[in-house]
Each structure stands twice: as C-alpha cells, then as structure tokens.
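For reference, final30.csv is printed below; it contains CSV, C-alpha atoms and all ligand atoms.
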chain,number,residue,atom,x,y,z
N,171,MET,CA,0.0,0.0,0.0
N,172,ASN,CA,1.5,3.3,-1.0
N,173,PRO,CA,1.6,6.3,1.4
N,174,PRO,CA,-1.1,8.5,-0.3
N,175,ALA,CA,-3.5,5.5,-0.2
N,176,ARG,CA,-2.9,5.2,3.5
N,177,ILE,CA,-3.6,8.9,4.1
N,178,GLU,CA,-6.8,8.6,2.0
N,179,ARG,CA,-8.0,5.6,4.1
N,180,ALA,CA,-7.2,7.4,7.3
N,181,ALA,CA,-9.4,10.3,6.1
N,182,THR,CA,-12.7,8.2,6.3
N,183,ASP,CA,-14.0,6.5,9.3
N,184,ASP,CA,-16.0,3.1,9.6
N,185,ARG,CA,-19.2,4.8,8.5
N,186,GLY,CA,-17.5,6.4,5.5
N,187,ARG,CA,-17.5,9.9,7.0
N,188,ARG,CA,-14.5,12.0,6.0
N,189,GLY,CA,-12.3,12.8,9.0
N,190,SER,CA,-9.1,14.9,9.2
N,191,ALA,CA,-6.1,13.7,7.3
N,192,MET,CA,-3.9,15.7,9.6
N,193,PRO,CA,-2.8,12.9,11.9
N,194,ALA,CA,-1.6,10.9,8.9
N,195,ARG,CA,0.2,13.9,7.5
N,196,LEU,CA,1.9,14.5,10.9
N,197,ASP,CA,2.9,10.9,10.9
N,198,LEU,CA,4.4,11.3,7.5
N,199,VAL,CA,6.4,14.3,8.6
N,200,GLN,CA,7.5,12.5,11.7
N,201,SER,CA,8.7,9.5,9.6
N,202,ALA,CA,10.5,11.8,7.1
N,203,SER,CA,12.3,13.9,9.8
N,204,GLY,CA,13.2,10.6,11.6
N,205,LEU,CA,14.6,9.2,8.4
N,206,PHE,CA,16.6,12.3,7.7
N,207,LEU,CA,18.0,12.4,11.3
N,208,GLY,CA,18.8,8.6,11.2
N,209,LEU,CA,20.7,8.9,7.9
N,210,PHE,CA,22.4,12.1,9.1
N,211,MET,CA,23.7,10.2,12.2
N,212,TRP,CA,25.3,7.6,10.0
N,213,GLY,CA,27.1,10.3,8.1
N,214,HIS,CA,28.0,12.1,11.4
N,215,MET,CA,29.5,8.9,12.8
N,216,VAL,CA,31.7,8.5,9.7
N,217,LEU,CA,32.9,12.1,9.9
N,218,VAL,CA,33.5,12.2,13.7
N,219,ALA,CA,35.2,8.8,13.6
N,220,SER,CA,37.7,10.2,11.1
N,221,ILE,CA,39.8,10.9,14.3
N,222,LEU,CA,40.6,7.2,14.3
N,223,LEU,CA,42.5,7.7,11.1
N,224,GLY,CA,44.5,10.5,12.7
N,225,LYS,CA,44.3,14.2,13.6
N,226,GLU,CA,45.1,15.2,10.0
N,227,ALA,CA,42.1,13.3,8.6
N,228,MET,CA,39.7,14.9,11.1
N,229,TYR,CA,41.3,18.3,10.4
N,230,THR,CA,40.8,17.9,6.6
N,231,ILE,CA,37.1,17.0,7.1
N,232,THR,CA,36.6,20.0,9.4
N,233,ARG,CA,38.1,22.3,6.8
N,234,PHE,CA,36.0,20.8,4.1
N,235,PHE,CA,32.8,21.6,5.9
N,236,GLU,CA,34.0,25.2,6.5
N,237,GLY,CA,34.3,25.5,2.7
N,238,TYR,CA,38.1,25.9,2.8
N,239,TYR,CA,38.7,23.7,-0.3
N,240,PHE,CA,36.1,25.7,-2.3
N,241,PHE,CA,36.8,29.3,-1.3
N,242,GLY,CA,40.4,29.1,-0.1
N,243,GLN,CA,39.3,30.4,3.3
N,244,SER,CA,37.3,29.0,6.2
N,245,TYR,CA,33.7,30.0,6.8
N,246,PRO,CA,32.5,28.4,10.0
N,247,ALA,CA,29.2,30.1,9.4
N,248,LEU,CA,28.6,27.2,6.8
N,249,VAL,CA,28.8,24.8,9.7
N,250,THR,CA,26.5,26.9,11.8
N,251,ALA,CA,23.9,26.8,9.0
N,252,ILE,CA,24.1,23.0,8.8
N,253,VAL,CA,23.7,22.7,12.6
N,254,ALA,CA,20.8,25.1,12.5
N,255,PHE,CA,19.0,23.0,9.9
N,256,VAL,CA,19.7,19.7,11.8
N,257,PHE,CA,18.6,21.4,15.0
N,258,ALA,CA,15.3,22.5,13.4
N,259,MET,CA,14.7,18.9,12.1
N,260,PHE,CA,15.5,17.6,15.6
N,261,ILE,CA,12.9,20.0,17.2
N,262,VAL,CA,10.2,19.2,14.6
N,263,HIS,CA,10.8,15.5,15.1
N,264,ALA,CA,10.7,15.8,18.9
N,265,LEU,CA,7.5,17.9,18.8
N,266,LEU,CA,5.7,15.4,16.7
N,267,ALA,CA,7.0,12.5,18.8
N,268,MET,CA,5.4,14.1,21.9
N,269,ARG,CA,2.0,13.2,20.5
N,270,LYS,CA,2.8,9.5,21.1
N,271,PHE,CA,3.8,9.9,24.7
N,272,PRO,CA,1.3,8.9,27.4
N,273,GLY,CA,-0.5,12.0,28.7
N,274,ASN,CA,-0.6,11.0,32.4
N,275,TYR,CA,0.4,8.3,34.8
N,276,ARG,CA,-2.9,6.3,34.2
N,277,GLU,CA,-2.2,6.1,30.5
N,278,TYR,CA,1.4,5.2,31.1
N,279,ARG,CA,0.3,2.3,33.4
N,280,VAL,CA,-2.2,1.0,30.8
N,281,MET,CA,0.5,1.0,28.2
N,282,ARG,CA,2.9,-0.8,30.4
N,283,GLN,CA,0.2,-3.4,31.2
N,284,HIS,CA,-0.3,-3.9,27.5
N,285,LYS,CA,3.4,-4.3,27.0
N,286,ARG,CA,3.6,-7.0,29.7
N,287,ALA,CA,0.5,-8.8,28.4
N,288,LEU,CA,1.5,-8.8,24.7
N,289,ARG,CA,5.2,-9.8,25.2
N,290,HIS,CA,5.7,-8.6,21.7
N,291,THR,CA,9.2,-7.6,20.6
N,292,ASP,CA,8.1,-4.6,18.5
N,293,THR,CA,5.9,-3.2,21.4
N,294,SER,CA,8.9,-3.6,23.8
N,295,LEU,CA,11.1,-1.8,21.3
N,296,TRP,CA,8.6,1.1,21.2
N,297,PHE,CA,9.2,1.6,25.0
N,298,ILE,CA,13.0,1.7,24.5
N,299,GLN,CA,12.5,4.2,21.7
N,300,ALA,CA,10.2,6.4,23.9
N,301,TYR,CA,12.7,6.4,26.9
N,302,THR,CA,15.7,7.1,24.7
N,303,GLY,CA,13.8,9.8,22.8
N,304,PHE,CA,13.0,11.5,26.0
N,305,ALA,CA,16.7,11.4,27.0
N,306,LEU,CA,17.6,12.9,23.6
N,307,PHE,CA,15.4,16.0,24.3
N,308,PHE,CA,18.1,17.0,26.8
N,309,LEU,CA,21.3,15.4,25.7
N,310,GLY,CA,20.9,16.2,22.0
N,311,SER,CA,19.9,19.8,22.7
N,312,VAL,CA,23.1,20.5,24.8
N,313,HIS,CA,25.4,19.1,22.0
N,314,LEU,CA,23.5,20.9,19.2
N,315,TYR,CA,23.5,24.2,21.0
N,316,ILE,CA,27.3,24.0,21.7
N,317,MET,CA,27.9,23.1,18.0
N,318,LEU,CA,25.7,26.0,16.9
N,319,THR,CA,27.6,28.5,19.0
N,320,ASN,CA,31.1,27.0,18.6
N,321,ALA,CA,31.2,26.1,14.9
N,322,ASP,CA,34.6,27.8,14.6
N,323,ASN,CA,35.8,25.6,17.5
N,324,ILE,CA,35.8,22.2,15.9
N,325,GLY,CA,39.0,20.3,15.1
N,326,PRO,CA,41.3,17.6,16.5
N,327,TYR,CA,42.5,19.6,19.5
N,328,ALA,CA,39.4,21.8,19.9
N,329,SER,CA,37.1,18.8,19.9
N,330,ALA,CA,39.4,16.7,22.1
N,331,ASP,CA,39.7,19.6,24.6
N,332,ARG,CA,35.9,19.9,24.7
N,333,VAL,CA,35.5,16.1,25.3
N,334,TRP,CA,38.1,15.9,28.1
N,335,SER,CA,39.0,19.2,29.6
N,336,GLN,CA,35.5,20.7,29.2
N,337,TYR,CA,33.9,17.5,30.6
N,338,MET,CA,31.7,16.6,27.6
N,339,TRP,CA,32.6,12.9,27.6
N,340,PRO,CA,30.0,11.8,30.2
N,341,LEU,CA,27.3,13.5,28.1
N,342,TYR,CA,28.6,12.1,24.9
N,343,LEU,CA,28.6,8.6,26.4
N,344,LEU,CA,24.9,8.8,27.3
N,345,LEU,CA,24.1,10.6,24.1
N,346,LEU,CA,25.9,7.9,22.0
N,347,LEU,CA,23.9,5.1,23.7
N,348,ALA,CA,20.6,7.0,23.5
N,349,VAL,CA,21.0,8.0,19.9
N,350,GLU,CA,22.2,4.6,18.6
N,351,PHE,CA,19.4,2.7,20.3
N,352,HIS,CA,16.8,5.3,19.3
N,353,GLY,CA,18.0,5.7,15.7
N,354,GLY,CA,18.4,1.9,15.2
N,355,ILE,CA,14.9,1.1,16.5
N,356,GLY,CA,13.4,4.1,14.7
N,357,LEU,CA,14.8,3.1,11.3
N,358,TYR,CA,13.7,-0.5,11.9
N,359,ARG,CA,10.2,0.7,12.7
N,360,LEU,CA,10.1,2.9,9.7
N,361,ALA,CA,11.0,-0.1,7.5
N,362,VAL,CA,8.3,-2.2,9.0
N,363,LYS,CA,5.7,0.6,9.0
N,364,TRP,CA,6.1,1.5,5.3
N,365,GLY,CA,6.8,-2.1,4.2
N,366,TRP,CA,10.4,-1.5,3.0
N,367,PHE,CA,12.4,-4.7,2.3
N,368,GLU,CA,9.2,-6.8,2.8
N,369,SER,CA,9.3,-10.2,1.1
N,370,ASP,CA,6.6,-12.8,0.4
N,371,ASN,CA,7.2,-14.0,4.0
N,372,PRO,CA,6.7,-10.8,6.2
N,373,ALA,CA,7.5,-12.7,9.5
N,374,ARG,CA,10.8,-13.8,8.0
N,375,SER,CA,11.8,-10.5,6.6
N,376,ARG,CA,10.9,-8.8,9.9
N,377,LEU,CA,13.2,-11.3,11.7
N,378,TRP,CA,16.0,-10.4,9.3
N,379,LEU,CA,15.4,-6.7,9.7
N,380,GLN,CA,15.6,-7.2,13.5
N,381,ARG,CA,18.9,-9.0,13.2
N,382,PHE,CA,20.3,-6.4,10.9
N,383,LYS,CA,19.2,-3.6,13.3
N,384,TRP,CA,21.0,-5.2,16.2
N,385,ALA,CA,24.2,-5.9,14.2
N,386,LEU,CA,24.2,-2.3,13.1
N,387,THR,CA,23.6,-0.9,16.6
N,388,ILE,CA,26.4,-3.0,18.0
N,389,PHE,CA,28.7,-1.9,15.2
N,390,LEU,CA,27.8,1.8,15.6
N,391,VAL,CA,28.0,1.8,19.5
N,392,THR,CA,31.5,0.1,19.2
N,393,LEU,CA,32.7,2.6,16.6
N,394,GLY,CA,31.3,5.4,18.8
N,395,LEU,CA,33.0,4.2,21.9
N,396,LEU,CA,36.3,3.9,20.1
N,397,THR,CA,35.9,7.4,18.7
N,398,LEU,CA,35.1,8.8,22.1
N,399,ALA,CA,38.1,7.0,23.6
N,400,ALA,CA,40.3,8.5,20.8
N,401,TYR,CA,39.1,12.1,21.6
N,402,MET,CA,39.6,11.4,25.3
N,403,LYS,CA,43.2,10.2,24.8
N,404,ILE,CA,44.1,13.3,22.7
N,405,GLY,CA,42.3,15.5,25.2
N,406,ILE,CA,44.3,14.0,28.2
N,407,GLU,CA,47.6,14.4,26.3
N,408,HIS,CA,46.6,18.0,25.3
N,409,ALA,CA,45.2,19.1,28.7
N,410,ASP,CA,48.2,21.2,29.6
N,411,ARG,CA,48.0,23.0,26.2
N,412,LEU,CA,44.2,23.7,26.5
N,413,GLY,CA,43.0,26.1,23.8
N,414,GLU,CA,46.0,25.6,21.5
N,415,ARG,CA,44.7,24.7,18.0
N,416,TYR,CA,45.9,21.9,15.7
N,417,GLU,CA,48.4,22.9,13.1
N,418,SER,CA,48.4,21.1,9.8
N,419,HIS,CA,51.7,19.6,8.7
N,420,VAL,CA,50.5,18.8,5.2
N,421,SER,CA,50.8,21.4,2.5
N,422,ILE,CA,48.2,20.8,-0.2
N,423,SER,CA,48.1,23.9,-2.3
N,424,ALA,CA,48.9,27.6,-2.1
N,425,PRO,CA,45.6,29.0,-0.9
N,426,MET,CA,45.4,26.3,1.7
N,427,GLN,CA,48.7,27.2,3.2
N,428,GLN,CA,47.5,30.7,4.0
N,429,ARG,CA,45.6,29.4,7.0
N,430,SER,CA,46.8,26.2,8.6
N,431,LEU,CA,45.5,26.6,12.2
N,432,SER,CA,42.5,24.6,13.2
N,501,LIG,C1,25.1,19.4,12.3
N,501,LIG,C2,25.0,18.9,13.5
N,501,LIG,C3,26.2,18.3,14.3
N,501,LIG,C4,27.5,18.6,14.3
N,501,LIG,C5,28.2,19.7,13.4
N,501,LIG,C6,28.2,17.7,15.2
N,501,LIG,C7,29.5,17.7,15.4
N,501,LIG,C8,30.2,16.8,16.3
N,501,LIG,C9,31.6,16.9,16.6
N,501,LIG,C10,32.6,17.8,15.9
N,501,LIG,C11,31.8,15.9,17.5
N,501,LIG,C12,33.2,15.6,18.2
N,501,LIG,C13,33.3,16.1,19.6
N,501,LIG,C14,33.2,17.6,19.7
N,501,LIG,O1,33.7,18.4,18.9
N,501,LIG,O2,32.6,18.1,20.7
N,501,LIG,C15,30.6,15.3,17.8
N,501,LIG,C16,30.4,14.2,18.7
N,501,LIG,C17,29.2,13.6,18.9
N,501,LIG,N1,28.0,13.9,18.4
N,501,LIG,FE1,27.6,15.4,17.1
N,501,LIG,N2,27.2,16.9,15.7
N,501,LIG,C18,26.0,17.2,15.2
N,501,LIG,C19,24.8,16.6,15.5
N,501,LIG,C20,24.6,15.6,16.4
N,501,LIG,C21,23.4,15.0,16.7
N,501,LIG,C22,22.0,15.4,16.1
N,501,LIG,C23,23.6,14.0,17.6
N,501,LIG,C24,22.7,13.1,18.3
N,501,LIG,C25,21.5,13.5,18.7
N,501,LIG,C26,25.1,13.9,17.8
N,501,LIG,C27,25.7,13.0,18.7
N,501,LIG,C28,27.1,13.0,18.9
N,501,LIG,C29,27.7,12.1,19.8
N,501,LIG,C30,27.1,10.9,20.5
N,501,LIG,C31,29.1,12.4,19.8
N,501,LIG,C32,30.2,11.7,20.6
N,501,LIG,C33,31.2,11.0,19.6
N,501,LIG,C34,31.2,9.5,19.7
N,501,LIG,O3,31.2,9.0,20.8
N,501,LIG,O4,31.2,8.9,18.6
N,501,LIG,N3,25.6,14.9,17.1
N,501,LIG,N4,29.6,15.9,17.1
Rewrite the structure from the file as structure tokens, please.
Amino acid sequence: MNPPARIERAATDDRGRRGSAMPARLDLVQSASGLFLGLFMWGHMVLVASILLGKEAMYTITRFFEGYYFFGQSYPALVTAIVAFVFAMFIVHALLAMRKFPGNYREYRVMRQHKRALRHTDTSLWFIQAYTGFALFFLGSVHLYIMLTNADNIGPYASADRVWSQYMWPLYLLLLLAVEFHGGIGLYRLAVKWGWFESDNPARSRLWLQRFKWALTIFLVTLGLLTLAAYMKIGIEHADRLGERYESHVSISAPMQQRSLS
C-alpha cells in the first residue's frame, strides 16, 4: 500500500465519513524527519570517527565543511547553517513524537500493562524508543547548542579539549547510547511501517530486519566508543595546552597554506 492511499484511508471512518487527514500527515512528517536524522547520524558517525584515522584526517574534514577547499578560506558560518538545519529537524521530530507519549500516569500504566500482556518484541522496542527519545530531548539539545555557538571551534584539538577538559565525555557517552538505540529502532520501525524490504514472507523479513538492526547498533556503538576514547586520549595528552589549535603539517596547495590553524 503506498503512502497516499494510507492517508486517503485514514481520512474516512468506519461509516464512510471523512475525517481529518492531519494525523496521517503529521505521521508522515515524523517519519520523514526521523529518516533524515537517522541517515544524518550515519554520516555524522563516519565524519566524527575520522579521528581514528589520525588528527590530520579529522582536520581535513573540518576544513572541508568550512568551505576551505572551495573558497580558499574557512567560513565556520557554513557549519552553523548546517547545525541550525539539523537542530530544526530535531525539534520538529521531537515535537511530533510528543503526540505519542502517554499524557498522564494512568495512560502510562495502561500502556505498560499492554506491553507485559503482549510480550511482543516490537511493542517492547517502542518503549526503549520512547525512553531514549525522552533522554535525547536534553542530551541532544546540549550538544547541538554547543555546536551551533562553537562552529569555529571544531578540530582535532578543539574537539578533544571539549571532550576531556570541558567534561563533555559523560554527556557524549549517554548521548551515544541513546541516539544509537533510538535511531536503530526508529529506522527499523520505519522499514516495518512503510513495508520497505518486505518479502513474500513478512514474518521472516521482519526477523532479518531485527537481526540487521541489532548488528548495526552493536557496530555503531562500538565505533562510537572507540571514537570517544580517541578524543579522550588526545584530550588528556593535550590538557596542559588547552586552547591551542591543531596545526596542519600537510601542504596541499597555495591558498590552503594561508591558514593552517584549526
Ligand atoms: C550538524 C550537527 C552536528 C555537528 C556539526 C556535530 C559535530 C560533532 C563533533 C565535531 C563531535 C566531536 C566532539 C566535539 O567536537 O565536541 C561530535 C560528537 C558527537 N555527536 Fe555530534 N554533531 C552534530 C549533531 C549531532 C546529533 C543530532 C547527535 C545526536 C542526537 C550527535 C551526537 C554526537 C555524539 C554521540 C558524539 C560523541 C562522539 C562519539 O562517541 O562517537 N551529534 N559531534
């Protein structure tokens, strides 16, 4: 069933009366913003994990997003614009997700009773997604606000100093776990909801999707922990030179040599 058909069906009730299509539209926007954020987080992991390849690799990526290789000069405002867009998507997604939270303790208790009675994997996953989503309201907002206001302060030393000397690592540890579980379950639920990757045997394809989801979560959490450990190690080594920026040792082309401090 394609999405417009679903919306059409939602717009008529059992007696054939037309209702509002708004709930279905909001669901579509929630799915689309979730898909964007989930895919963004995969890209984010690759970029941030570049530190595992060395300081120079992370430095090069930072410069790339500041437009240095296009304009011959760094414009951190470009990073600010990207963060502002991601932050806006984050807020829209959180706002729409709030519709699904129980409104009071009685509703919460009923939902928990259903969960216990059903003993259904996907229902239990929904609860993990709701708890981690709630945590992301706070953890994600802190990180995004700091990125928004410190776009010119990203680089091998600047980031490592923030992680270690500015005590961001406990927040990143919780954020990493929350975002990987939330994103993994979210993308899995999207695939089930919209019938992506469904085969002739839906129970079997759902099982495969679940296995793939867990494998991906384990991989991303491991990569995230290694990445965090790398920033902490550099941060510890660099603690007595807090604030000093990374200096590139690679000369690539004339305009790039003009500004080699990160
Ligand atoms: C455009 C928006 C974003 C930018 C530019 C950005 C940039 C960065 C950078 C540069 C780091 C390295 C540490 C540091 O410099 O403080 C980092 C780490 C991290 N970010 Fe983001 N980030 C963005 C969005 C997000 C979002 C939306 C989330 C999740 C809600 C997130 C989760 C994390 C986590 C968990 C780490 C820790 C690294 C790890 O353990 O792998 N980031 N981010």
Subject >> Test item: residues lying within 6 Å of ligand LIG 501 (chain N) with all atoms listed in the file, as a ChimeraX atom specification >> reply: /N:218,252-253,256,310,314,317,324,329,332-333,342,345-346,349,394-395,397-398
Subject >> Straight-line distance linking CA of Ile355 (chain N) with CA of Trp339 (chain N), stated in Å to one decimal >> reply: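 Going from CA of Ile355 (chain N) over to CA of Trp339 (chain N) covers 24.0 Å.
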**OP:** Would you mind telling me which residue in N:Met228, N:Val280, N:Ala399, N:Ala258 lies nearest to Ser311 (chain N) when using all atoms listed in the file?
**Re:**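 When distances to Ser311 (chain N) are compared using all atoms listed in the file, the smallest one comes from N:Ala258.
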Original post:
What is the CA of Leu248 (chain N) to CA of Glu236 (chain N) distance in Å?
Top reply: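 Those two atoms sit 5.8 Å apart.
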**OP:** Using CA of Phe210 (chain N) and CA of Gly353 (chain N) as the two end points, give the distance in Å to one decimal.
**Re:**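 Separating CA of Phe210 (chain N) from CA of Gly353 (chain N) is a distance of 10.2 Å.
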Wanna dump the region 330-378 of chain N-region 288-295 of chain N contacts at 12 Å for me, each residue with its shortest atom pair and the distance in Å to one decimal, counting all atoms listed in the file, ordered by chain and number, as CSV?
residue,atom,partner,partner_atom,distance
N:Phe351,CA,N:Leu295,CA,9.5
N:His352,CA,N:Leu295,CA,9.3
N:Gly353,CA,N:Leu295,CA,11.6
N:Gly354,CA,N:Leu295,CA,10.2
N:Ile355,CA,N:Leu295,CA,6.8
N:Gly356,CA,N:Leu295,CA,9.1
N:Leu357,CA,N:Leu295,CA,11.7
N:Tyr358,CA,N:Asp292,CA,9.6
N:Arg359,CA,N:Asp292,CA,8.1
N:Leu360,CA,N:Asp292,CA,11.7
N:Val362,CA,N:Asp292,CA,9.8
N:Lys363,CA,N:Asp292,CA,11.1
N:Arg376,CA,N:Asp292,CA,10.0
N:Leu377,CA,N:Thr291,CA,10.4
Original post:
For the point (38.7, 9.0, 11.0) in file coordinates, what residues are within 12 Å, counting all atoms listed in the file? Give the answer as a list in words?
Top reply: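 Output of the proximity query reads His214, Met215, Val216, Leu217, Val218, Ala219, Ser220, Ile221, Leu222, Leu223, Gly224, Lys225, Glu226, Ala227, Met228, Tyr229, Thr230, Ile231, Thr232, Pro326, Leu393, Gly394, Leu396, Thr397, Leu398, Ala400 and Tyr401 of chain N.
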Return the padded bounding box of region 329-334 of chain N as AutoDock Vina command-line options: axis-aligned, built from all atoms listed in the file, 5 Å added on each side, with centre and edge lengths in Å to one decimal.
--center_x 37.6 --center_y 17.9 --center_z 24.0 --size_x 14.2 --size_y 14.0 --size_z 18.2
